[in-house]
file model-v9.csv (CSV, C-alpha atoms)
chain,number,residue,atom,x,y,z
M,1,MET,CA,-24.5,-38.3,-64.3
M,2,ARG,CA,-23.3,-35.4,-62.2
M,3,ALA,CA,-20.3,-33.5,-63.5
M,4,VAL,CA,-17.3,-33.2,-61.1
M,5,HIS,CA,-15.3,-30.0,-60.9
M,6,HIS,CA,-11.7,-30.1,-59.9
M,7,PRO,CA,-10.8,-27.0,-57.8
M,8,THR,CA,-7.5,-26.5,-59.5
M,9,LEU,CA,-8.5,-27.0,-63.2
M,10,PRO,CA,-9.4,-23.9,-65.3
M,11,ARG,CA,-12.9,-23.0,-64.4
M,12,ALA,CA,-15.0,-20.0,-63.5
M,13,LEU,CA,-14.9,-19.0,-59.8
M,14,HIS,CA,-18.2,-19.1,-57.9
M,15,PRO,CA,-19.9,-15.7,-58.5
M,16,GLY,CA,-20.8,-15.4,-54.8
M,17,ALA,CA,-17.1,-15.4,-53.9
M,18,TRP,CA,-16.4,-12.5,-56.3
M,19,TRP,CA,-19.3,-10.5,-54.9
M,20,LEU,CA,-18.2,-11.1,-51.2
M,21,TRP,CA,-14.6,-10.1,-52.0
M,22,ALA,CA,-15.7,-7.0,-53.9
M,23,LEU,CA,-18.1,-5.9,-51.1
M,24,CYS,CA,-15.3,-6.4,-48.5
M,25,MET,CA,-13.0,-4.2,-50.6
M,26,ALA,CA,-15.8,-1.5,-50.8
M,27,VAL,CA,-16.1,-1.7,-47.0
M,28,ALA,CA,-12.3,-1.1,-46.8
M,29,ALA,CA,-12.6,1.9,-49.0
M,30,SER,CA,-15.4,3.3,-46.9
M,31,ARG,CA,-13.2,3.5,-43.8
M,32,THR,CA,-10.6,6.0,-45.2
M,33,ARG,CA,-10.3,9.2,-47.1
M,34,ASN,CA,-6.6,8.9,-47.6
M,35,PRO,CA,-6.0,9.2,-51.3
M,36,VAL,CA,-3.0,6.9,-51.1
M,37,LEU,CA,-5.1,4.1,-49.7
M,38,LEU,CA,-8.0,4.8,-52.1
M,39,VAL,CA,-5.7,4.6,-55.1
M,40,LEU,CA,-4.1,1.4,-53.7
M,41,ILE,CA,-7.6,-0.2,-53.3
M,42,LEU,CA,-8.5,0.9,-56.9
M,43,ALA,CA,-5.2,-0.6,-58.2
M,44,VAL,CA,-5.8,-3.9,-56.3
M,45,THR,CA,-9.3,-4.3,-57.7
M,46,GLY,CA,-8.2,-3.3,-61.2
M,47,PHE,CA,-5.3,-5.8,-61.1
M,48,VAL,CA,-7.5,-8.6,-60.0
M,49,VAL,CA,-10.1,-7.8,-62.7
M,50,ALA,CA,-7.4,-7.7,-65.4
M,51,ALA,CA,-5.9,-11.0,-64.2
M,52,ARG,CA,-9.1,-13.0,-63.8
M,53,ARG,CA,-11.9,-11.6,-66.0
M,54,SER,CA,-13.3,-13.6,-68.8
M,55,ASP,CA,-14.2,-12.8,-72.4
M,56,ALA,CA,-17.9,-12.4,-71.6
M,57,PRO,CA,-19.7,-9.1,-72.5
M,58,TRP,CA,-20.1,-8.1,-68.9
M,59,ALA,CA,-16.4,-8.5,-68.3
M,60,HIS,CA,-15.9,-5.0,-69.7
M,61,SER,CA,-18.1,-3.2,-67.2
M,62,PHE,CA,-15.2,-2.2,-65.0
M,63,THR,CA,-14.2,0.5,-67.5
M,64,ALA,CA,-17.8,1.9,-67.4
M,65,PHE,CA,-17.6,2.1,-63.6
M,66,LEU,CA,-14.3,3.9,-63.8
M,67,LYS,CA,-15.9,6.5,-66.1
M,68,LEU,CA,-18.8,6.7,-63.7
M,69,GLY,CA,-16.4,7.2,-60.8
M,70,LEU,CA,-14.6,10.1,-62.6
M,71,LEU,CA,-18.0,11.6,-63.3
M,72,VAL,CA,-18.9,11.4,-59.6
M,73,ILE,CA,-15.6,13.1,-58.7
M,74,ALA,CA,-16.2,15.9,-61.2
M,75,ILE,CA,-19.8,16.5,-60.0
M,76,ARG,CA,-18.6,16.6,-56.4
M,77,VAL,CA,-15.9,19.1,-57.1
M,78,VAL,CA,-18.1,21.4,-59.2
M,79,LEU,CA,-20.9,21.4,-56.5
M,80,GLN,CA,-18.3,22.1,-53.8
M,81,ALA,CA,-16.9,25.0,-55.9
M,82,LEU,CA,-20.4,26.5,-56.3
M,83,LEU,CA,-21.5,26.1,-52.8
M,84,SER,CA,-18.3,26.4,-50.7
M,85,THR,CA,-17.7,29.1,-48.1
M,86,ARG,CA,-14.7,30.8,-46.7
M,87,SER,CA,-15.2,28.9,-43.5
M,88,GLN,CA,-13.8,25.8,-45.2
M,89,GLY,CA,-10.4,27.4,-45.8
M,90,ASN,CA,-8.4,30.6,-46.4
M,91,THR,CA,-6.4,29.7,-49.5
M,92,VAL,CA,-8.5,31.4,-52.3
M,93,LEU,CA,-7.8,30.0,-55.7
M,94,PHE,CA,-10.3,32.0,-57.8
M,95,THR,CA,-13.5,33.8,-57.5
M,96,LEU,CA,-16.7,32.9,-59.4
M,97,PRO,CA,-19.6,35.3,-60.1
M,98,GLN,CA,-21.8,35.2,-57.1
M,99,VAL,CA,-25.6,34.8,-57.6
M,100,PRO,CA,-27.7,36.8,-55.1
M,101,LEU,CA,-30.2,34.6,-53.3
M,102,PRO,CA,-33.5,35.5,-51.5
M,103,ASP,CA,-33.7,36.1,-47.8
M,104,TRP,CA,-35.2,32.6,-47.1
M,105,ALA,CA,-32.0,31.0,-48.5
M,106,ALA,CA,-29.8,32.7,-45.9
M,107,GLY,CA,-26.6,30.7,-45.2
M,108,VAL,CA,-26.5,29.3,-48.7
M,109,LYS,CA,-23.9,30.7,-51.2
M,110,LEU,CA,-23.9,30.2,-54.9
M,111,GLY,CA,-20.6,31.3,-56.4
M,112,GLY,CA,-18.0,33.6,-54.9
M,113,GLN,CA,-14.6,32.7,-53.6
M,114,VAL,CA,-13.4,29.1,-54.0
M,115,THR,CA,-10.7,27.8,-51.7
M,116,ALA,CA,-8.2,25.1,-52.2
M,117,GLU,CA,-9.2,23.4,-49.0
M,118,ALA,CA,-12.8,23.0,-50.2
M,119,LEU,CA,-11.8,21.6,-53.5
M,120,ILE,CA,-9.4,19.1,-52.1
M,121,THR,CA,-11.9,17.9,-49.5
M,122,ALA,CA,-14.5,17.4,-52.3
M,123,LEU,CA,-11.8,15.5,-54.3
M,124,TYR,CA,-11.2,13.2,-51.4
M,125,ASP,CA,-14.9,12.6,-50.7
M,126,GLY,CA,-15.7,12.0,-54.3
M,127,GLY,CA,-12.7,9.7,-54.7
M,128,GLN,CA,-13.9,7.6,-51.8
M,129,LEU,CA,-17.4,7.1,-53.4
M,130,ALA,CA,-15.8,6.5,-56.8
M,131,VAL,CA,-13.5,3.7,-55.5
M,132,MET,CA,-16.5,2.1,-53.8
M,133,LEU,CA,-18.4,2.2,-57.1
M,134,CYS,CA,-15.4,0.6,-58.9
M,135,CYS,CA,-15.4,-2.2,-56.3
M,136,VAL,CA,-19.0,-3.0,-57.3
M,137,GLY,CA,-17.9,-2.7,-60.9
M,138,ALA,CA,-15.2,-5.3,-60.3
M,139,ALA,CA,-17.9,-7.7,-59.0
M,140,ASN,CA,-19.9,-7.1,-62.1
M,141,ALA,CA,-16.9,-7.7,-64.4
M,142,LEU,CA,-15.8,-10.9,-62.7
M,143,ALA,CA,-19.1,-12.6,-61.8
M,144,SER,CA,-21.6,-13.9,-64.3
M,145,PRO,CA,-25.1,-12.5,-63.5
M,146,ARG,CA,-26.9,-15.6,-64.8
M,147,ARG,CA,-24.7,-17.9,-62.7
M,148,LEU,CA,-25.2,-15.8,-59.7
M,149,LEU,CA,-29.0,-16.0,-60.1
M,150,LYS,CA,-28.7,-19.7,-60.6
M,151,SER,CA,-26.8,-20.0,-57.3
M,152,LEU,CA,-29.6,-18.3,-55.3
M,153,PRO,CA,-30.9,-20.5,-52.4
M,154,GLY,CA,-34.4,-21.9,-52.5
M,155,ALA,CA,-35.8,-19.2,-50.2
M,156,LEU,CA,-35.0,-16.5,-52.8
M,157,TYR,CA,-36.2,-18.2,-56.0
M,158,GLU,CA,-39.2,-15.9,-56.5
M,159,MET,CA,-36.9,-12.9,-56.1
M,160,GLY,CA,-34.5,-14.5,-58.6
M,161,VAL,CA,-37.2,-14.7,-61.3
M,162,ALA,CA,-38.0,-11.0,-60.7
M,163,CYS,CA,-34.3,-10.1,-60.9
M,164,VAL,CA,-33.8,-12.0,-64.1
M,165,VAL,CA,-36.8,-10.1,-65.7
M,166,ALA,CA,-35.4,-6.8,-64.4
M,167,LEU,CA,-31.8,-7.5,-65.5
M,168,THR,CA,-32.8,-8.5,-69.0
M,169,PHE,CA,-35.3,-5.6,-69.7
M,170,ALA,CA,-32.6,-2.9,-70.1
M,171,PRO,CA,-30.3,-4.9,-72.5
M,172,GLN,CA,-33.3,-6.0,-74.6
M,173,LEU,CA,-34.4,-2.3,-74.7
M,174,VAL,CA,-31.1,-1.3,-76.2
M,175,THR,CA,-31.1,-4.2,-78.6
M,176,ASP,CA,-34.6,-3.6,-79.8
M,177,GLY,CA,-33.8,0.1,-80.2
M,178,ARG,CA,-30.8,-0.7,-82.5
M,179,ARG,CA,-32.9,-3.2,-84.5
M,180,ILE,CA,-35.7,-0.7,-85.1
M,181,ARG,CA,-33.3,2.1,-86.1
M,182,GLY,CA,-31.6,-0.3,-88.5
M,183,ALA,CA,-34.9,-1.3,-90.0
M,184,ARG,CA,-35.9,2.4,-90.5
M,185,ARG,CA,-32.6,3.1,-92.2
M,186,LEU,CA,-33.1,0.2,-94.6
M,187,ARG,CA,-36.5,1.7,-95.5
M,188,GLY,CA,-34.9,5.1,-96.2
M,189,ARG,CA,-36.3,6.8,-93.1
M,190,THR,CA,-33.3,8.6,-91.6
M,191,ARG,CA,-35.3,10.7,-89.2
M,192,ALA,CA,-36.6,8.7,-86.2
M,193,SER,CA,-39.3,10.1,-84.0
M,194,PHE,CA,-39.9,9.2,-80.4
M,195,ARG,CA,-43.6,8.5,-81.1
M,196,THR,CA,-43.0,5.9,-83.8
M,197,THR,CA,-40.1,4.1,-82.0
M,198,ALA,CA,-40.9,4.2,-78.3
M,199,MET,CA,-43.9,1.8,-78.4
M,200,PRO,CA,-42.2,-1.0,-80.6
M,201,VAL,CA,-39.1,-0.8,-78.4
M,202,LEU,CA,-41.0,-1.1,-75.1
M,203,GLU,CA,-43.3,-3.8,-76.5
M,204,GLY,CA,-40.3,-5.9,-77.8
M,205,ALA,CA,-38.3,-5.6,-74.6
M,206,LEU,CA,-41.3,-6.6,-72.4
M,207,ASP,CA,-42.1,-9.5,-74.7
M,208,ARG,CA,-38.5,-10.8,-74.5
M,209,SER,CA,-38.4,-10.5,-70.7
M,210,VAL,CA,-41.8,-12.2,-70.3
M,211,GLU,CA,-40.7,-15.0,-72.6
M,212,LEU,CA,-37.6,-15.5,-70.6
M,213,ALA,CA,-39.5,-15.7,-67.4
M,214,ALA,CA,-41.9,-18.2,-68.9
M,215,ALA,CA,-39.0,-20.3,-70.2
M,216,MET,CA,-37.5,-20.3,-66.7
M,217,ASP,CA,-40.8,-21.4,-65.1
M,218,SER,CA,-41.3,-24.1,-67.7
M,219,ARG,CA,-37.8,-25.5,-66.8
M,220,GLY,CA,-38.6,-25.6,-63.1
M,221,TYR,CA,-36.8,-22.5,-62.0
M,222,GLY,CA,-38.4,-21.3,-58.8
M,223,ARG,CA,-40.7,-24.3,-58.6
M,224,THR,CA,-41.2,-25.2,-55.0
M,225,ALA,CA,-42.8,-28.2,-53.3
M,226,GLN,CA,-45.8,-28.0,-51.0
M,227,ALA,CA,-44.7,-26.9,-47.6
M,228,PRO,CA,-46.6,-26.3,-44.4
M,229,ARG,CA,-47.8,-22.7,-43.8
M,230,SER,CA,-45.6,-22.5,-40.7
M,231,HIS,CA,-42.5,-23.2,-42.7
M,232,ARG,CA,-43.4,-20.5,-45.2
M,233,ARG,CA,-44.0,-18.0,-42.5
M,234,LEU,CA,-40.9,-18.9,-40.7
M,235,THR,CA,-38.8,-18.5,-43.8
M,236,ALA,CA,-40.3,-15.1,-44.7
M,237,LEU,CA,-39.8,-13.9,-41.1
M,238,CYS,CA,-36.2,-15.0,-40.9
M,239,VAL,CA,-35.4,-13.5,-44.3
M,240,LEU,CA,-36.9,-10.2,-43.3
M,241,LEU,CA,-35.3,-10.0,-39.9
M,242,GLY,CA,-31.9,-11.2,-41.4
M,243,LEU,CA,-31.9,-8.5,-44.1
M,244,LEU,CA,-32.8,-5.8,-41.6
M,245,GLY,CA,-30.0,-7.0,-39.3
M,246,ILE,CA,-27.5,-7.0,-42.1
M,247,LEU,CA,-28.6,-3.6,-43.3
M,248,LEU,CA,-28.4,-2.1,-39.8
M,249,GLY,CA,-25.0,-3.7,-39.1
M,250,VAL,CA,-23.5,-2.6,-42.3
M,251,TYR,CA,-24.9,1.0,-42.0
M,252,ALA,CA,-23.6,1.2,-38.4
M,253,LEU,CA,-20.2,0.0,-39.4
M,254,LEU,CA,-19.9,2.4,-42.3
M,255,THR,CA,-21.2,5.5,-40.5
M,256,ASP,CA,-19.9,4.9,-36.9
M,257,SER,CA,-23.4,5.7,-35.7
M,258,MET,CA,-23.4,2.9,-33.1
M,259,ALA,CA,-20.8,1.3,-30.9
M,260,PHE,CA,-18.7,-1.3,-32.7
M,261,PRO,CA,-19.8,-4.3,-30.6
M,262,VAL,CA,-23.5,-3.4,-31.1
M,263,SER,CA,-23.1,-2.9,-34.9
M,264,ALA,CA,-21.0,-6.1,-35.2
M,265,GLY,CA,-23.6,-8.0,-33.2
M,266,ALA,CA,-26.4,-6.8,-35.4
M,267,LEU,CA,-24.5,-7.9,-38.5
M,268,VAL,CA,-23.7,-11.3,-37.1
M,269,ALA,CA,-27.3,-11.8,-35.9
M,270,GLY,CA,-28.6,-10.8,-39.4
M,271,VAL,CA,-26.3,-13.2,-41.1
M,272,LEU,CA,-27.3,-16.1,-38.8
M,273,LEU,CA,-31.0,-15.4,-39.4
M,274,ALA,CA,-30.5,-15.2,-43.1
M,275,VAL,CA,-28.6,-18.5,-43.1
M,276,ALA,CA,-31.4,-20.1,-41.1
M,277,ALA,CA,-33.9,-18.8,-43.6
M,278,MET,CA,-31.9,-20.4,-46.5
M,279,ALA,CA,-31.7,-23.7,-44.6
M,280,VAL,CA,-35.5,-23.7,-44.0
M,281,GLY,CA,-36.3,-22.6,-47.6
M,282,ARG,CA,-34.0,-25.2,-49.1
M,283,GLN,CA,-36.5,-27.8,-48.1
M,284,ARG,CA,-39.1,-26.4,-50.5
M,285,VAL,CA,-36.8,-27.0,-53.6
M,286,SER,CA,-38.2,-29.8,-55.8
M,287,ARG,CA,-35.7,-29.7,-58.6
M,288,THR,CA,-32.1,-30.7,-59.1
M,289,ARG,CA,-29.3,-28.5,-60.5
M,290,TYR,CA,-27.3,-29.4,-63.6
M,291,ARG,CA,-23.6,-28.9,-63.0
M,292,PRO,CA,-23.8,-26.7,-59.9
M,293,ASP,CA,-21.0,-24.2,-59.3
M,294,PRO,CA,-18.5,-25.7,-56.9
M,295,TRP,CA,-17.4,-24.0,-53.7
M,296,ALA,CA,-13.9,-25.2,-53.1
M,297,LEU,CA,-10.6,-23.9,-51.6
M,298,PRO,CA,-10.2,-21.1,-54.2
M,299,GLU,CA,-13.5,-19.6,-53.2
M,300,TRP,CA,-12.6,-19.7,-49.5
M,301,LEU,CA,-9.3,-18.0,-50.2
M,302,VAL,CA,-10.9,-15.3,-52.3
M,303,VAL,CA,-13.5,-14.5,-49.6
M,304,ALA,CA,-10.9,-14.7,-46.8
M,305,ALA,CA,-8.7,-12.2,-48.6
M,306,GLY,CA,-11.6,-9.7,-48.8
M,307,VAL,CA,-12.6,-10.3,-45.2
M,308,VAL,CA,-9.0,-9.8,-44.0
M,309,ALA,CA,-8.7,-6.5,-46.0
M,310,ALA,CA,-12.0,-5.2,-44.7
M,311,GLY,CA,-11.2,-6.4,-41.1
M,312,VAL,CA,-7.8,-4.7,-41.0
M,313,MET,CA,-9.3,-1.4,-42.2
M,314,VAL,CA,-12.2,-1.5,-39.7
M,315,THR,CA,-9.9,-2.4,-36.9
M,316,ALA,CA,-7.5,0.4,-37.8
M,317,ALA,CA,-10.4,2.9,-37.9
M,318,VAL,CA,-11.7,1.7,-34.5
M,319,ARG,CA,-8.2,2.0,-32.9
M,320,GLY,CA,-7.7,5.4,-34.5
M,321,VAL,CA,-4.6,4.6,-36.6
M,322,ASP,CA,-3.1,7.7,-38.0
M,323,GLY,CA,-3.4,8.2,-41.7
M,324,LEU,CA,-6.9,6.9,-42.4
M,325,LEU,CA,-8.4,10.4,-41.9
M,326,LEU,CA,-6.2,13.3,-42.8
M,327,ALA,CA,-5.6,16.1,-40.3
M,328,GLY,CA,-6.3,18.6,-43.0
M,329,PRO,CA,-6.9,18.8,-46.8
M,330,LEU,CA,-3.5,20.5,-47.4
M,331,VAL,CA,-1.5,17.9,-45.4
M,332,VAL,CA,0.7,15.5,-47.3
M,333,PRO,CA,-1.1,12.1,-47.1
M,334,PRO,CA,0.8,9.6,-44.9
M,335,VAL,CA,1.2,6.0,-45.7
M,336,PRO,CA,0.1,3.8,-42.7
M,337,VAL,CA,1.7,0.4,-42.8
M,338,LEU,CA,-1.1,-1.7,-41.3
M,339,PRO,CA,-3.8,-0.6,-43.7
M,340,VAL,CA,-1.5,-0.9,-46.7
M,341,VAL,CA,-0.7,-4.5,-45.8
M,342,GLY,CA,-4.4,-5.2,-45.3
M,343,VAL,CA,-5.3,-3.8,-48.7
M,344,LEU,CA,-2.5,-5.7,-50.4
M,345,ILE,CA,-3.9,-8.9,-49.1
M,346,GLY,CA,-6.8,-8.2,-51.4
M,347,LEU,CA,-4.5,-9.2,-54.3
M,348,VAL,CA,-4.7,-12.9,-53.3
M,349,PRO,CA,-7.6,-13.6,-55.7
M,350,ALA,CA,-5.3,-12.8,-58.6
M,351,LEU,CA,-3.3,-15.9,-57.7
M,352,ALA,CA,-5.8,-18.1,-55.7
M,353,ALA,CA,-8.7,-17.9,-58.3
M,354,PRO,CA,-8.4,-20.7,-60.9
M,355,PRO,CA,-7.5,-19.5,-64.4
M,356,LEU,CA,-10.1,-19.3,-67.1
M,357,LYS,CA,-10.3,-20.8,-70.6
M,358,ARG,CA,-10.0,-17.9,-73.0
M,359,GLY,CA,-12.7,-17.8,-75.6
M,360,ALA,CA,-15.3,-19.4,-73.3
M,361,ALA,CA,-17.8,-17.2,-71.5
call {"tool": "encode", "arguments": {"input": "model-v9.csv", "output": "structure tokens"}}
result
Amino acid sequence: MRAVHHPTLPRALHPGAWWLWALCMAVAASRTRNPVLLVLILAVTGFVVAARRSDAPWAHSFTAFLKLGLLVIAIRVVLQALLSTRSQGNTVLFTLPQVPLPDWAAGVKLGGQVTAEALITALYDGGQLAVMLCCVGAANALASPRRLLKSLPGALYEMGVACVVALTFAPQLVTDGRRIRGARRLRGRTRASFRTTAMPVLEGALDRSVELAAAMDSRGYGRTAQAPRSHRRLTALCVLLGLLGILLGVYALLTDSMAFPVSAGALVAGVLLAVAAMAVGRQRVSRTRYRPDPWALPEWLVVAAGVVAAGVMVTAAVRGVDGLLLAGPLVVPPVPVLPVVGVLIGLVPALAAPPLKRGAA
């Protein structure tokens, strides 16, 4: 008997809704280098994660992405300090020992004077990339990877099996490494060599991943019915063209390399082709799902909040709203009203998403 999910009862939100919301927040962060807006986007995503994350092990990945973002900012600032030139600003903060370079490296400077304008520009650029990484980290902290793979449409089942094997290899590698180190300590062997531990760790991780793939196949995951060759070719062609259209549209929107109508048209065409491929590939599915994740009003509200936040930022960038891009690195960052309102709409999932039962992954 099929289980019925009430949209307002405590339950886990559909993982696809969390990923769509997080990707839209990342798109919003890609449209600005204003540190006020970037900090606001980071605060919004962090608040939603704190309000709606579960007790599962992956729910703590947002902190790891925060640390990775700080590392990205530090690397960006250090590289800018080593390679910056006086043409980027006149406010000299300090002077590093300059390394002489050969003639074929003319135009490249290593060391020398470091200006405040160069460091602040690097800080803003690194902060933008760090916030985008944290948006992806929010999706990892809120969405269960196994439930996300279970929700894949029929046209992507083969890819889902490969993704499961790839996602479980690294955790099993770490688990086997700890197990082998513990066994060596129990035997009194405190010194561990790479030669004696590498092969058991790799063999154990590969065996666990292959066993998981075999278990999934024995339970019918990815099992497809016989379909005409024309259907299979049409599905593969639609998936390929849809992914290319989505990649082209997203890249054009993020880099402003194409006109907005052209990039938006490519994105819409790619999404439509991908949806058509899912519809055709769904006919090949020969198994049923036990307790499928519902897609109800909370999922629509979460996705709509992310789409509105990204849409407001993209519209503001297209219209040239002041404050998204600063006039100079030493200028006090303004606070544009329209982008701030758009980013604050991203807080809706903290209220619209159903609560979780604590203690249940």
call {"tool": "closest_residue", "arguments": {"input": "model-v9.csv", "among": "M:Ala277, M:Ala198, M:Val302, M:Ala12", "to": "Ser144 (chain M)", "atoms": "only C-alpha atoms"}}
result
M:Ala12
call {"tool": "residues_around", "arguments": {"input": "model-v9.csv", "residues": "Ala274 (chain M)", "least_positions_apart": "3", "cutoff": "7 Å", "atoms": "all atoms listed in the file", "output": "list of chain:residue names"}}
result
M:Cys238, M:Val239, M:Gly242, M:Leu243, M:Gly270, M:Val271, M:Ala277, M:Met278
call {"tool": "write_last_selection", "arguments": {"input": "model-v9.csv", "atoms": "C-alpha atoms", "output": "PDB file, in the coordinates of the input"}}
result
ATOM      1  CA  CYS M 238     -36.200 -15.000 -40.900  1.00  0.00           C
ATOM      2  CA  VAL M 239     -35.400 -13.500 -44.300  1.00  0.00           C
ATOM      3  CA  GLY M 242     -31.900 -11.200 -41.400  1.00  0.00           C
ATOM      4  CA  LEU M 243     -31.900  -8.500 -44.100  1.00  0.00           C
ATOM      5  CA  GLY M 270     -28.600 -10.800 -39.400  1.00  0.00           C
ATOM      6  CA  VAL M 271     -26.300 -13.200 -41.100  1.00  0.00           C
ATOM      7  CA  ALA M 277     -33.900 -18.800 -43.600  1.00  0.00           C
ATOM      8  CA  MET M 278     -31.900 -20.400 -46.500  1.00  0.00           C
TER       9      MET M 278
END
call {"tool": "closest_residue", "arguments": {"input": "model-v9.csv", "among": "M:Met25, M:Ala56, M:Leu148, M:Leu13", "to": "Met313 (chain M)", "atoms": "all atoms listed in the file"}}
result
M:Met25
call {"tool": "closest_residue", "arguments": {"input": "model-v9.csv", "among": "M:Phe47, M:Gly112, M:Pro336, M:Leu301", "to": "Asp322 (chain M)", "atoms": "all atoms listed in the file"}}
result
M:Pro336
call {"tool": "atom_distance", "arguments": {"input": "model-v9.csv", "atom1": "CA of Leu338 (chain M)", "atom2": "CA of Gly127 (chain M)"}}
result
21.1 Å
call {"tool": "residues_around", "arguments": {"input": "model-v9.csv", "residues": "Gly328 (chain M)", "least_positions_apart": "6", "cutoff": "10 Å", "atoms": "all atoms listed in the file", "output": "tab-separated table (two decimals) with C-alpha atoms, keeping the file's coordinate frame"}}
result
chain	number	residue	atom	x	y	z
M	117	GLU	CA	-9.20	23.40	-49.00
M	120	ILE	CA	-9.40	19.10	-52.10
M	121	THR	CA	-11.90	17.90	-49.50
call {"tool": "closest_residue", "arguments": {"input": "model-v9.csv", "among": "M:Ala296, M:Ala138, M:Val318, M:Val331", "to": "Asn34 (chain M)", "atoms": "only C-alpha atoms"}}
result
M:Val331
